Structures are given as C-alpha cells and as structure tokens.
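Below is the file query-v5.cif, which contains mmCIF, C-alpha atoms.
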data_start
loop_
_atom_site.label_atom_id
_atom_site.label_comp_id
_atom_site.auth_asym_id
_atom_site.auth_seq_id
_atom_site.Cartn_x
_atom_site.Cartn_y
_atom_site.Cartn_z
CA MET A 26 -16.82 -15.06 -17.58
CA THR A 27 -16.37 -14.28 -13.88
CA THR A 28 -19.51 -13.01 -12.22
CA ARG A 29 -20.99 -13.16 -8.78
CA ILE A 30 -20.80 -16.79 -7.71
CA THR A 31 -23.53 -18.63 -5.84
CA ILE A 32 -22.86 -20.07 -2.42
CA THR A 33 -23.69 -23.56 -3.72
CA ALA A 34 -21.09 -23.28 -6.47
CA LEU A 35 -18.51 -22.08 -3.98
CA ALA A 36 -19.24 -24.97 -1.66
CA LEU A 37 -18.74 -27.46 -4.48
CA ALA A 38 -15.47 -25.76 -5.42
CA GLY A 39 -14.27 -26.02 -1.83
CA LEU A 40 -15.18 -29.71 -1.63
CA THR A 41 -13.38 -30.57 -4.85
CA ALA A 42 -10.27 -28.59 -4.01
CA GLY A 43 -9.05 -31.01 -1.37
CA ALA A 44 -9.50 -33.99 -3.65
CA ALA A 45 -7.55 -32.35 -6.44
CA LEU A 46 -4.68 -31.49 -4.14
CA ALA A 47 -4.66 -35.02 -2.75
CA ASP A 48 -3.83 -36.36 -6.18
CA ASN A 49 -0.14 -36.45 -7.09
CA ASN A 50 -0.06 -32.70 -7.57
CA PRO A 51 1.84 -31.03 -4.70
CA ARG A 52 1.62 -27.26 -4.21
CA PRO A 53 3.49 -24.86 -1.90
CA GLU A 54 2.56 -25.27 1.74
CA GLY A 55 0.77 -22.29 3.23
CA LEU A 56 -1.29 -21.56 0.12
CA ALA A 57 -4.70 -22.88 -0.90
CA PRO A 58 -7.55 -22.18 -3.30
CA LEU A 59 -10.36 -20.00 -2.04
CA GLY A 60 -13.45 -21.84 -0.83
CA PRO A 61 -16.91 -20.55 0.07
CA PRO A 62 -17.12 -17.37 2.16
CA PRO A 63 -18.25 -17.61 5.78
CA ILE A 64 -21.90 -16.68 6.32
CA PRO A 65 -22.82 -15.44 9.82
CA ALA A 66 -25.65 -17.30 11.52
CA ASP A 67 -27.42 -14.04 12.37
CA ASN A 68 -27.47 -12.84 8.74
CA PRO A 69 -28.29 -15.81 6.48
CA MET A 70 -28.29 -15.38 2.73
CA SER A 71 -31.34 -15.27 0.48
CA PRO A 72 -31.81 -14.07 -3.11
CA GLU A 73 -34.26 -11.42 -1.94
CA LYS A 74 -31.87 -10.08 0.69
CA VAL A 75 -29.01 -9.96 -1.81
CA ALA A 76 -31.18 -8.15 -4.36
CA LEU A 77 -32.14 -5.56 -1.72
CA GLY A 78 -28.51 -5.17 -0.67
CA GLU A 79 -27.44 -4.63 -4.26
CA LYS A 80 -29.87 -1.73 -4.65
CA LEU A 81 -28.79 -0.20 -1.35
CA PHE A 82 -25.10 -0.54 -2.27
CA PHE A 83 -25.67 1.62 -5.36
CA ASP A 84 -28.34 3.93 -3.91
CA PRO A 85 -27.11 7.31 -2.61
CA ILE A 86 -30.07 7.42 -0.23
CA LEU A 87 -27.80 5.99 2.49
CA SER A 88 -25.63 9.07 2.98
CA GLY A 89 -25.87 12.48 4.52
CA ASN A 90 -26.68 14.38 1.34
CA ALA A 91 -28.41 11.49 -0.50
CA GLY A 92 -25.57 11.65 -3.02
CA MET A 93 -22.82 9.28 -1.77
CA PRO A 94 -23.65 5.57 -2.19
CA CYS A 95 -21.24 2.78 -1.27
CA SER A 96 -20.49 2.51 -4.98
CA ALA A 97 -19.12 6.08 -5.07
CA CYS A 98 -15.91 4.77 -3.50
CA HIS A 99 -16.23 1.18 -4.72
CA ARG A 100 -16.85 1.39 -8.45
CA PRO A 101 -17.04 -1.95 -10.32
CA GLU A 102 -15.12 -0.57 -13.30
CA ALA A 103 -12.35 0.62 -10.94
CA GLY A 104 -11.74 -2.74 -9.26
CA TRP A 105 -14.64 -2.09 -6.85
CA ALA A 106 -12.41 0.60 -5.38
CA VAL A 107 -11.08 3.98 -6.58
CA GLN A 108 -8.18 4.11 -9.02
CA ALA A 109 -6.63 7.11 -7.30
CA PRO A 110 -4.26 7.30 -4.31
CA ILE A 111 -6.93 8.50 -1.87
CA SER A 112 -10.61 7.61 -1.93
CA PHE A 113 -13.24 10.20 -2.75
CA GLY A 114 -14.57 12.11 0.22
CA TYR A 115 -17.97 13.46 1.19
CA PRO A 116 -18.68 16.66 -0.78
CA GLY A 117 -16.62 19.49 0.66
CA THR A 118 -14.03 17.06 2.07
CA THR A 119 -11.48 14.58 0.84
CA HIS A 120 -10.77 11.13 2.20
CA TRP A 121 -7.46 10.20 3.80
CA ARG A 122 -6.78 6.57 2.84
CA ASN A 123 -6.82 4.42 -0.27
CA SER A 124 -10.12 2.74 -1.10
CA GLN A 125 -9.92 -1.05 -0.77
CA THR A 126 -11.78 -3.37 -3.11
CA VAL A 127 -14.90 -5.06 -1.76
CA VAL A 128 -14.25 -8.13 -3.92
CA ASN A 129 -13.51 -11.02 -1.53
CA SER A 130 -14.06 -8.75 1.48
CA ALA A 131 -16.43 -11.47 2.73
CA TYR A 132 -13.42 -13.48 3.91
CA TYR A 133 -11.76 -10.81 6.05
CA GLY A 134 -11.93 -11.02 9.81
CA LYS A 135 -10.65 -7.43 10.03
CA LEU A 136 -11.94 -4.69 7.74
CA PHE A 137 -10.49 -1.28 6.98
CA TRP A 138 -6.73 -0.68 6.89
CA ALA A 139 -6.38 -0.74 10.67
CA GLY A 140 -8.96 -3.46 11.32
CA ALA A 141 -11.53 -1.09 12.79
CA SER A 142 -14.50 -3.31 11.85
CA GLY A 143 -14.92 -7.01 12.49
CA SER A 144 -17.79 -7.68 10.09
CA LEU A 145 -19.21 -6.46 6.81
CA GLU A 146 -22.34 -5.37 8.67
CA HIS A 147 -20.30 -3.08 10.93
CA GLN A 148 -18.18 -1.92 8.01
CA ALA A 149 -21.26 -0.82 6.07
CA ARG A 150 -22.49 1.19 9.04
CA SER A 151 -19.08 2.81 9.61
CA ALA A 152 -18.77 3.82 5.96
CA ALA A 153 -22.30 5.24 5.73
CA ARG A 154 -21.78 7.30 8.90
CA GLY A 155 -18.10 8.27 8.50
CA GLY A 156 -17.49 12.02 8.56
CA VAL A 157 -15.45 12.04 5.34
CA ALA A 158 -17.30 9.13 3.74
CA GLY A 159 -21.11 8.84 3.81
CA ASN A 160 -21.61 11.34 6.64
CA GLY A 161 -25.12 10.01 7.28
CA GLU A 162 -27.22 9.73 10.42
CA ASP A 163 -29.09 6.48 11.02
CA ASP A 164 -32.45 8.05 11.84
CA MET A 165 -32.34 10.34 8.81
CA MET A 166 -31.38 7.53 6.42
CA GLU A 167 -34.01 5.25 7.92
CA ALA A 168 -36.68 7.91 7.42
CA ARG A 169 -35.68 8.30 3.77
CA LEU A 170 -36.05 4.56 3.19
CA ALA A 171 -39.59 4.74 4.54
CA PHE A 172 -40.53 7.19 1.76
CA VAL A 173 -39.69 4.60 -0.93
CA PRO A 174 -42.59 2.18 -1.48
CA GLU A 175 -40.34 -0.42 -3.10
CA TYR A 176 -38.05 -0.41 -0.08
CA ARG A 177 -40.95 -0.65 2.36
CA GLU A 178 -42.16 -3.73 0.50
CA ALA A 179 -38.67 -5.27 0.25
CA PHE A 180 -37.86 -4.76 3.95
CA ARG A 181 -41.21 -6.27 4.86
CA GLU A 182 -40.56 -9.31 2.66
CA VAL A 183 -36.93 -9.88 3.69
CA PHE A 184 -36.93 -8.84 7.36
CA GLY A 185 -40.58 -8.58 8.36
CA ASP A 186 -40.21 -4.84 9.05
CA ASP A 187 -43.29 -2.65 9.24
CA TRP A 188 -40.94 0.18 8.32
CA PRO A 189 -37.38 -0.20 6.97
CA SER A 190 -34.75 -0.65 9.68
CA ILE A 191 -31.33 0.90 9.05
CA ARG A 192 -29.72 -2.02 10.88
CA HIS A 193 -31.35 -4.37 8.40
CA ALA A 194 -30.15 -2.14 5.54
CA TYR A 195 -26.57 -2.74 6.63
CA MET A 196 -27.26 -6.47 6.87
CA ALA A 197 -28.62 -6.51 3.31
CA ILE A 198 -25.57 -4.63 1.99
CA ALA A 199 -23.29 -7.12 3.75
CA ALA A 200 -25.20 -10.03 2.21
CA TYR A 201 -24.73 -8.51 -1.24
CA GLN A 202 -21.01 -8.02 -0.66
CA ARG A 203 -20.69 -11.70 0.26
CA THR A 204 -21.65 -12.52 -3.32
CA LEU A 205 -18.79 -10.41 -4.70
CA VAL A 206 -16.21 -13.18 -4.57
CA GLN A 207 -13.81 -14.63 -7.10
CA THR A 208 -12.65 -18.22 -6.70
CA ASP A 209 -11.87 -19.15 -10.31
CA THR A 210 -8.59 -17.31 -10.86
CA PRO A 211 -5.75 -19.06 -12.72
CA PHE A 212 -4.08 -19.50 -9.32
CA ASP A 213 -7.15 -21.23 -7.83
CA THR A 214 -7.46 -23.50 -10.86
CA TYR A 215 -3.78 -24.40 -10.58
CA MET A 216 -4.07 -25.07 -6.85
CA ARG A 217 -6.99 -27.40 -7.56
CA GLY A 218 -4.77 -29.52 -9.77
CA ASP A 219 -4.67 -28.05 -13.28
CA ASP A 220 -0.98 -27.72 -14.14
CA ASP A 221 -1.80 -25.78 -17.30
CA ALA A 222 -3.65 -23.00 -15.47
CA LEU A 223 -0.41 -21.06 -14.88
CA THR A 224 2.17 -20.15 -17.50
CA ALA A 225 5.80 -21.17 -17.08
CA GLN A 226 6.61 -17.60 -16.03
CA GLN A 227 3.84 -17.58 -13.44
CA LYS A 228 5.07 -20.88 -12.02
CA ARG A 229 8.54 -19.37 -11.64
CA GLY A 230 6.90 -16.41 -9.92
CA LEU A 231 5.03 -18.73 -7.55
CA GLU A 232 8.31 -20.40 -6.63
CA LEU A 233 9.82 -16.99 -5.88
CA PHE A 234 6.69 -15.95 -3.94
CA ALA A 235 7.00 -18.96 -1.64
CA GLY A 236 10.80 -19.03 -1.63
CA LYS A 237 13.41 -16.37 -2.34
CA ALA A 238 11.05 -13.38 -2.13
CA ASN A 239 9.31 -14.83 0.97
CA CYS A 240 6.05 -13.00 0.20
CA ILE A 241 4.32 -15.99 1.77
CA ALA A 242 5.52 -14.92 5.22
CA CYS A 243 2.65 -12.41 5.29
CA HIS A 244 0.56 -13.28 2.23
CA ASN A 245 -0.54 -16.82 2.98
CA GLY A 246 -3.65 -18.97 3.30
CA PRO A 247 -6.53 -18.98 0.82
CA LEU A 248 -6.99 -15.20 1.06
CA LEU A 249 -3.24 -14.56 0.77
CA THR A 250 -3.04 -12.51 3.95
CA ASN A 251 -2.30 -13.30 7.57
CA GLU A 252 -4.31 -10.17 8.53
CA ALA A 253 -1.46 -9.06 10.80
CA TYR A 254 -0.18 -5.47 11.06
CA TYR A 255 3.20 -4.22 9.87
CA ASN A 256 5.05 -1.03 9.04
CA THR A 257 6.82 -1.63 5.74
CA GLY A 258 8.13 1.91 5.32
CA VAL A 259 5.54 3.21 2.85
CA PRO A 260 6.19 6.94 2.35
CA PRO A 261 3.52 9.40 3.53
CA TYR A 262 0.72 10.56 1.27
CA SER A 263 2.08 13.39 -0.90
CA GLY A 264 -1.21 15.27 -0.75
CA TRP A 265 -0.61 16.24 2.84
CA GLU A 266 2.19 18.49 1.63
CA GLU A 267 0.29 19.95 -1.34
CA ASP A 268 -3.47 19.87 -0.71
CA PRO A 269 -4.95 22.14 1.98
CA LEU A 270 -8.18 20.12 2.10
CA ALA A 271 -6.21 16.91 2.60
CA GLN A 272 -4.29 18.59 5.42
CA ILE A 273 -7.54 19.57 7.12
CA THR A 274 -8.91 16.04 6.76
CA PHE A 275 -5.74 14.54 8.22
CA ARG A 276 -5.90 16.83 11.26
CA PHE A 277 -9.62 16.08 11.65
CA GLU A 278 -8.88 12.35 11.74
CA LEU A 279 -6.07 12.82 14.27
CA TYR A 280 -8.37 14.83 16.52
CA ALA A 281 -11.41 12.59 16.08
CA LYS A 282 -9.44 9.45 16.87
CA GLY A 283 -8.02 10.85 20.06
CA VAL A 284 -4.27 11.31 19.66
CA THR A 285 -2.38 13.33 22.25
CA GLU A 286 -1.96 17.06 21.67
CA LYS A 287 1.77 16.56 21.12
CA LYS A 288 1.14 13.97 18.43
CA TYR A 289 -1.63 16.07 16.89
CA ARG A 290 0.82 18.91 16.39
CA ALA A 291 3.79 16.81 15.32
CA LEU A 292 2.55 13.92 13.17
CA LYS A 293 3.00 14.25 9.41
CA ASP A 294 1.97 10.68 8.51
CA ASP A 295 -0.88 8.26 9.17
CA PRO A 296 -0.20 6.39 12.45
CA GLY A 297 -2.38 3.46 11.36
CA LEU A 298 -3.01 0.84 14.03
CA TYR A 299 -2.02 3.33 16.75
CA PHE A 300 -5.44 4.94 16.37
CA ARG A 301 -6.98 1.76 17.80
CA THR A 302 -4.40 0.67 20.36
CA LYS A 303 -2.78 4.00 21.39
CA GLN A 304 0.51 2.10 21.64
CA ASP A 305 3.56 3.83 20.17
CA SER A 306 4.84 0.44 19.04
CA ASP A 307 1.88 0.25 16.62
CA MET A 308 2.47 3.56 14.87
CA GLY A 309 2.66 3.23 11.11
CA LYS A 310 1.33 -0.34 11.05
CA PHE A 311 -1.43 -1.46 8.70
CA ARG A 312 -3.24 -4.74 8.07
CA VAL A 313 -1.78 -6.97 5.37
CA PRO A 314 -4.21 -6.82 2.43
CA SER A 315 -5.21 -9.75 0.28
CA LEU A 316 -3.39 -9.99 -3.04
CA ARG A 317 -6.50 -11.23 -4.81
CA TYR A 318 -8.08 -9.05 -7.49
CA THR A 319 -5.14 -6.63 -7.25
CA LYS A 320 -4.74 -6.54 -11.03
CA TYR A 321 -7.59 -4.01 -11.05
CA THR A 322 -7.11 -2.12 -7.78
CA PHE A 323 -4.18 0.20 -8.49
CA PRO A 324 -2.65 2.28 -6.99
CA TYR A 325 -1.49 0.34 -3.95
CA MET A 326 -0.80 0.59 -0.21
CA HIS A 327 -2.90 2.31 2.44
CA ASN A 328 -2.29 5.71 0.85
CA GLY A 329 -1.96 4.79 -2.83
CA MET A 330 1.67 5.87 -2.97
CA ILE A 331 2.79 2.96 -5.17
CA GLU A 332 1.38 3.00 -8.68
CA THR A 333 1.73 -0.47 -10.24
CA LEU A 334 2.17 -4.09 -9.18
CA ARG A 335 5.69 -3.99 -10.58
CA ASP A 336 6.41 -0.90 -8.47
CA VAL A 337 5.19 -2.84 -5.41
CA VAL A 338 7.56 -5.72 -6.12
CA VAL A 339 10.46 -3.30 -6.70
CA PHE A 340 9.59 -1.53 -3.42
CA TYR A 341 9.94 -4.78 -1.48
CA ASN A 342 12.93 -5.91 -3.51
CA GLU A 343 14.73 -2.78 -2.34
CA GLY A 344 13.85 -3.46 1.30
CA GLY A 345 10.78 -1.26 1.58
CA GLY A 346 11.01 2.44 2.32
CA GLU A 347 11.28 4.88 5.18
CA ASN A 348 8.69 6.92 7.06
CA GLU A 349 8.58 8.76 10.34
CA PHE A 350 7.74 5.55 12.17
CA ALA A 351 11.02 3.87 11.19
CA ALA A 352 11.50 2.47 14.69
CA ASN A 353 8.50 0.20 14.04
CA LYS A 354 9.51 -1.01 10.59
CA SER A 355 9.11 -4.78 10.37
CA SER A 356 12.28 -6.87 10.44
CA LEU A 357 10.67 -9.03 7.75
CA ILE A 358 11.26 -6.24 5.25
CA GLN A 359 14.76 -6.79 3.87
CA PRO A 360 16.28 -6.43 0.38
CA LEU A 361 15.33 -9.50 -1.66
CA GLY A 362 18.08 -9.56 -4.27
CA LEU A 363 15.70 -10.31 -7.15
CA THR A 364 16.93 -9.79 -10.69
CA ASP A 365 14.85 -7.81 -13.19
CA ALA A 366 13.73 -11.09 -14.77
CA GLU A 367 12.71 -12.44 -11.38
CA VAL A 368 10.75 -9.27 -10.67
CA ASP A 369 8.88 -9.82 -13.94
CA ASP A 370 8.20 -13.44 -13.00
CA LEU A 371 6.82 -12.44 -9.61
CA VAL A 372 4.57 -9.78 -11.15
CA ALA A 373 3.26 -12.36 -13.63
CA PHE A 374 2.34 -14.64 -10.73
CA LEU A 375 0.59 -11.81 -8.87
CA GLU A 376 -1.55 -11.22 -11.95
CA SER A 377 -2.67 -14.87 -11.81
CA LEU A 378 -4.42 -14.03 -8.52
CA SER A 379 -7.07 -12.11 -10.46
CA GLY A 380 -9.62 -13.59 -12.82
CA GLU A 381 -11.77 -11.73 -15.31
CA GLU A 382 -12.98 -8.34 -14.18
CA ILE A 383 -16.34 -8.32 -12.38
CA VAL A 384 -18.36 -5.49 -13.91
CA PRO A 385 -22.16 -5.94 -13.60
CA ASP A 386 -24.61 -3.29 -14.67
CA ASP A 387 -25.81 -0.94 -11.95
CA PRO A 388 -29.26 -1.99 -10.73
CA GLU A 389 -32.34 0.06 -11.45
CA LEU A 390 -33.07 2.08 -8.33
CA PRO A 391 -36.48 3.00 -6.90
CA PHE A 392 -37.61 6.58 -6.43
CA MET A 393 -38.39 8.32 -3.17
CA GLU A 394 -41.92 9.64 -2.78
CA PRO A 395 -42.07 13.46 -2.61
CA LEU A 396 -42.14 14.71 0.92
CA PRO A 397 -45.52 16.08 2.09
CA ALA A 398 -45.92 19.84 1.90
CA LEU A 399 -45.58 21.71 5.19
CA GLN A 400 -48.78 23.23 6.53
CA ASN A 401 -48.79 26.94 7.36
#

With the file now loaded, output its structure as structure tokens.
Amino acid sequence: MTTRITITALALAGLTAGAALADNNPRPEGLAPLGPPPIPADNPMSPEKVALGEKLFFDPILSGNAGMPCSACHRPEAGWAVQAPISFGYPGTTHWRNSQTVVNSAYYGKLFWAGASGSLEHQARSAARGGVAGNGEDDMMEARLAFVPEYREAFREVFGDDWPSIRHAYMAIAAYQRTLVQTDTPFDTYMRGDDDALTAQQKRGLELFAGKANCIACHNGPLLTNEAYYNTGVPPYSGWEEDPLAQITFRFELYAKGVTEKKYRALKDDPGLYFRTKQDSDMGKFRVPSLRYTKYTFPYMHNGMIETLRDVVVFYNEGGGENEFAANKSSLIQPLGLTDAEVDDLVAFLESLSGEEIVPDDPELPFMEPLPALQN
C-alpha cells in the first residue's frame, strides 16, 4: 500500500532507476521515474520535525479564527485537495481558485497556480495568512502556539525555541509535506524496467502522450511538468456569474493584487500570471501542473471547470477553449485528431500516473491551555 515514503527509500529508488533504464529497456525520451525530493539545506528533515509538521498541518490553530487548518483545503480523502471547482474559503468568504494537491508538491520550484511561492516554507506562510484562506496573523498564531504545552516542548526539541516561532512552524509543515510523495506508481515501475507494470492500453496511451497527442511538450521530466505558463483557453469560473460572494472575492483579489482601475472594472476572468508580472502578454496564463496523483484530484484546471480526466483529454483534443485572453492562447494548443479509442487509451495512461490513494488517519492534536482570566 502507498504511504508516506522515507527519504532513504526514495534515494534507493532513484539510484536503481538509472540502472534499470540502462538495461535493454528503452523508454520515451523526456520522461523519467520520480526520485527523492529535494531537501533544502536550511530545513533538514528529522522524524521529530515531520511529526510536529503533521500536527500543525491538521491543527486549525494556525488560522485567523483557529478553525481553518491546512487540511481544510487539502483533505487526504479528497486527493489532498478539494473535490470542488473552487477551494473552500475563510468563513464568510469563498476562495477563487481550485485547490491543488500537496502530494508531490515537494518537487515544485514554483507553487500556486501563478508561481507566487518558490518554496513550501513560503507557501505555508502565504496560505496561513491569505485573506480568503487562513486569514491569520503571525504574532497571533505564534501566541496561540505558546499556550499549548505539547507545542512548547516540541519546538524546544526540534528547533531549540524557548517559545514556539511561527517561522519554524512553517518549516515543520514544509518538512511534513516533503514526506507526502508517491514514487511507486505503475508508470514509475514501468520506467524502472518492469514491462508488465502498464497494461497494453496504457502503453498505447503512453505512445500517444509522447507522440500524436504531444502532451510531453509541456508535461515532461520526472514530475511531468515543465513548470512554464500557458493560456490554454480554459473558460472562466461559472461562479462569477452566479455567486455574489464569489464575485466579491474576485474583485477583492483584483484590487489586492494591484491591477489598473480599467482592468478592475472590465475583467471577468482570472488574469493568472499577470498578477505577478503586470504584463498584458501574461494574462490568462497559469503554471503547468504535474499530472501525478491526478486520479484523485478532480475537478481540473485552475478554476475546476473541467470535471474528469476524460473531459480534460477531450478539451485538448478539440484544441482547447476560448476565454477573454484569447490573444495569449498558446500556439501549442491545436486539435489533436484523436479517435474515441485513442482518447480512452490516453486516459488509461494518465491513470497510471497515480498509485494507491494516500489516506492516513488524522493525528491526535494537543489542546490549548485556557487563557488566564482578565483582572478587574
């Protein structure tokens, strides 16, 4: 059964992968099995740090109202994401983009749909503090941690803190997320040399993936993403036409991220990478996601507007879609000419990129000490 995999096991898998491929067992160029995740030198792994990070990932103490843990928007039984078009928002709000799985997020160099964070540590901080996500303040969350004896002891053991540091909390969460990896999918086993790991249909799908369908142009390497940004013509989120709260959230994000007044009044769709670059040529572009673990992370795209993996393949087979940023639509997106049988083959291959579902039990969480009574 697939569970969290130790760094040692991952390292051994990475070392054996090259040897297997070197045997008379050629595989498509541009693809590879997934090896061990990168571990930053300034946040080394330890069992104690991971255990602390696991508790903090599931503990709502790191949010504005002490009710929105990381796991609220990244549920294990929902693919470590949310199986709805748009992620849950902080109480009284809604979110505005699809929740991405944290499985294999350790390998990304760019996190969030527009690459706003460059590390899991920064991503954890951004999510905990985001206005429509955790909506927390560092000093407030840090003070709460100090009222939990178990956390005081754990932070002292792991980081040497006299009192829990919120920066170290984010580091512990990132360490935990680096254990949420999956390197034993049928695809990985096949790429390491086991011809029987894929079915005949999945092998046909792999040939289409690397050939006629040309998915490999963007979904390549061990993580199956080049982490580049494209506009593929995904239609806008339907909720912005129907849901007043979603409309308010969308306008809040436009204002908070500094678009011009003209764009604030005119835009009806998420401008994506434009928020970071302020270049019109980047409007409607989003980072290519990994295709790993996607069997469990429906619906798809940055706004959840495509329901199933088969719908995704049909979308690209038809040449993508249209949105208000059509001038920026990637030239890579062209009709593929796949038959219905070929669509089925490609979907079967995409399913081989996911192993067994990773669904651990939630950890037992410590309790906060009652706050001292105020003196009159």

Point-to-point distance from atom CA of A:Leu357 to atom CA of A:Met330, Å rounded to tenths: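 Spanning atom CA of A:Leu357 to atom CA of A:Met330 is a straight-line distance of 20.4 Å.
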
Apply the PyMOL selection byres ((chain A and resi 313-324) around 6) to the file shown and report the selected residues as a PDB file with C-alpha atoms, keeping the file's coordinate frame.
ATOM      1  CA  GLY A 104     -11.740  -2.740  -9.260  1.00  0.00           C
ATOM      2  CA  GLN A 108      -8.180   4.110  -9.020  1.00  0.00           C
ATOM      3  CA  PRO A 110      -4.260   7.300  -4.310  1.00  0.00           C
ATOM      4  CA  LEU A 248      -6.990 -15.200   1.060  1.00  0.00           C
ATOM      5  CA  LEU A 249      -3.240 -14.560   0.770  1.00  0.00           C
ATOM      6  CA  THR A 250      -3.040 -12.510   3.950  1.00  0.00           C
ATOM      7  CA  GLU A 252      -4.310 -10.170   8.530  1.00  0.00           C
ATOM      8  CA  ALA A 253      -1.460  -9.060  10.800  1.00  0.00           C
ATOM      9  CA  ARG A 312      -3.240  -4.740   8.070  1.00  0.00           C
ATOM     10  CA  TYR A 325      -1.490   0.340  -3.950  1.00  0.00           C
ATOM     11  CA  GLY A 329      -1.960   4.790  -2.830  1.00  0.00           C
ATOM     12  CA  ILE A 331       2.790   2.960  -5.170  1.00  0.00           C
ATOM     13  CA  GLU A 332       1.380   3.000  -8.680  1.00  0.00           C
ATOM     14  CA  GLU A 376      -1.550 -11.220 -11.950  1.00  0.00           C
ATOM     15  CA  LEU A 378      -4.420 -14.030  -8.520  1.00  0.00           C
ATOM     16  CA  SER A 379      -7.070 -12.110 -10.460  1.00  0.00           C
TER      17      SER A 379
END

Which of A:Glu347, A:Asp268, A:Asp365, A:Asp209 sits closest to A:Ile111 [using all atoms listed in the file]: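 Among the listed residues, the smallest separation from A:Ile111 belongs to A:Asp268.
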
The PyMOL selection byres ((chain A and resi 59) around 8) - which residues does that actually catch in the file I just gave you? List them as a tab-separated table (two decimals) with C-alpha atoms, keeping the file's coordinate frame.
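For reference, result04.tsv as written:
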chain	number	residue	atom	x	y	z
A	39	GLY	CA	-14.27	-26.02	-1.83
A	57	ALA	CA	-4.70	-22.88	-0.90
A	58	PRO	CA	-7.55	-22.18	-3.30
A	60	GLY	CA	-13.45	-21.84	-0.83
A	61	PRO	CA	-16.91	-20.55	0.07
A	208	THR	CA	-12.65	-18.22	-6.70
A	213	ASP	CA	-7.15	-21.23	-7.83
A	247	PRO	CA	-6.53	-18.98	0.82
A	248	LEU	CA	-6.99	-15.20	1.06

Near-A:Pro85 list (9 Å; all atoms listed in the file; drop same-chain fewer than 6 positions) as a PyMOL selection string: chain A and resi 91-97+159

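Distance annotation: of A:Gln272, A:Asn68, A:Asn256, A:Ser306, the residue with the minimal separation from A:Met326 is A:Asn256; atom set is all atoms listed in the file.
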
Interatomic distance (Å, one decimal) between atom CA of A:Arg150 and atom CA of A:Phe172: 20.4 Å

The PyMOL selection byres ((chain A and resi 354-356) around 8) resolved against shown file, as a ChimeraX atom specification: /A:255-258,350-353,357-359

Residue nearest A:Gln202 among A:Ala131, A:Arg301, A:Asn342, A:Glu162 (counting all atoms listed in the file): A:Ala131

Atomic separation - atom CA of A:Ala103 relative to atom CA of A:Ile383, Å: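 Computing it gives 9.9 Å between the two atoms.
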
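In terms of minimum interatomic distance to A:Thr204, A:Tyr132 ranks closest within A:Tyr262, A:Tyr132, A:Phe180, A:Trp138, counting all atoms listed in the file.
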
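Candidate residues A:Asn348, A:Gln226, A:Ser151, A:Gln304 were compared for distance to A:Ala373, and the nearest is A:Gln226, using all atoms listed in the file.
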
A:Glu102 environment, 9 Å, all atoms listed in the file, sequence neighbours closer than 2 positions dropped, as number ranges by chain: A: 99-100, 104-106, 321, 382-385

Residue with smallest distance to A:Leu298 - pool A:Val339, A:Leu77, A:Ala141, A:Met393, counting all atoms listed in the file: A:Ala141

Extract, using all atoms listed in the file, all DNA, RNA and protein residues at most 12 Å from A:Ser142, discarding same-chain residues fewer than 5 positions from it, and format them as a short mmCIF file (atom, residue, chain, number, x, y, z; two decimals) with C-alpha atoms, in the coordinates of the input.
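out_3.cif, freshly written:
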data_model
loop_
_atom_site.label_atom_id
_atom_site.label_comp_id
_atom_site.auth_asym_id
_atom_site.auth_seq_id
_atom_site.Cartn_x
_atom_site.Cartn_y
_atom_site.Cartn_z
CA SER A 130 -14.06 -8.75 1.48
CA TYR A 133 -11.76 -10.81 6.05
CA GLY A 134 -11.93 -11.02 9.81
CA LYS A 135 -10.65 -7.43 10.03
CA LEU A 136 -11.94 -4.69 7.74
CA PHE A 137 -10.49 -1.28 6.98
CA HIS A 147 -20.30 -3.08 10.93
CA GLN A 148 -18.18 -1.92 8.01
CA ALA A 149 -21.26 -0.82 6.07
CA ARG A 150 -22.49 1.19 9.04
CA SER A 151 -19.08 2.81 9.61
CA ALA A 152 -18.77 3.82 5.96
CA ARG A 301 -6.98 1.76 17.80
CA ARG A 312 -3.24 -4.74 8.07
#

Stretch 238-255 of chain A: axis-aligned bounding box, 8 Å on each side, centre and edge lengths in Å, one decimal, as lines of an AutoDock Vina configuration file:
center_x = 2.0
center_y = -11.6
center_z = 4.5
size_x = 34.0
size_y = 30.8
size_z = 29.2
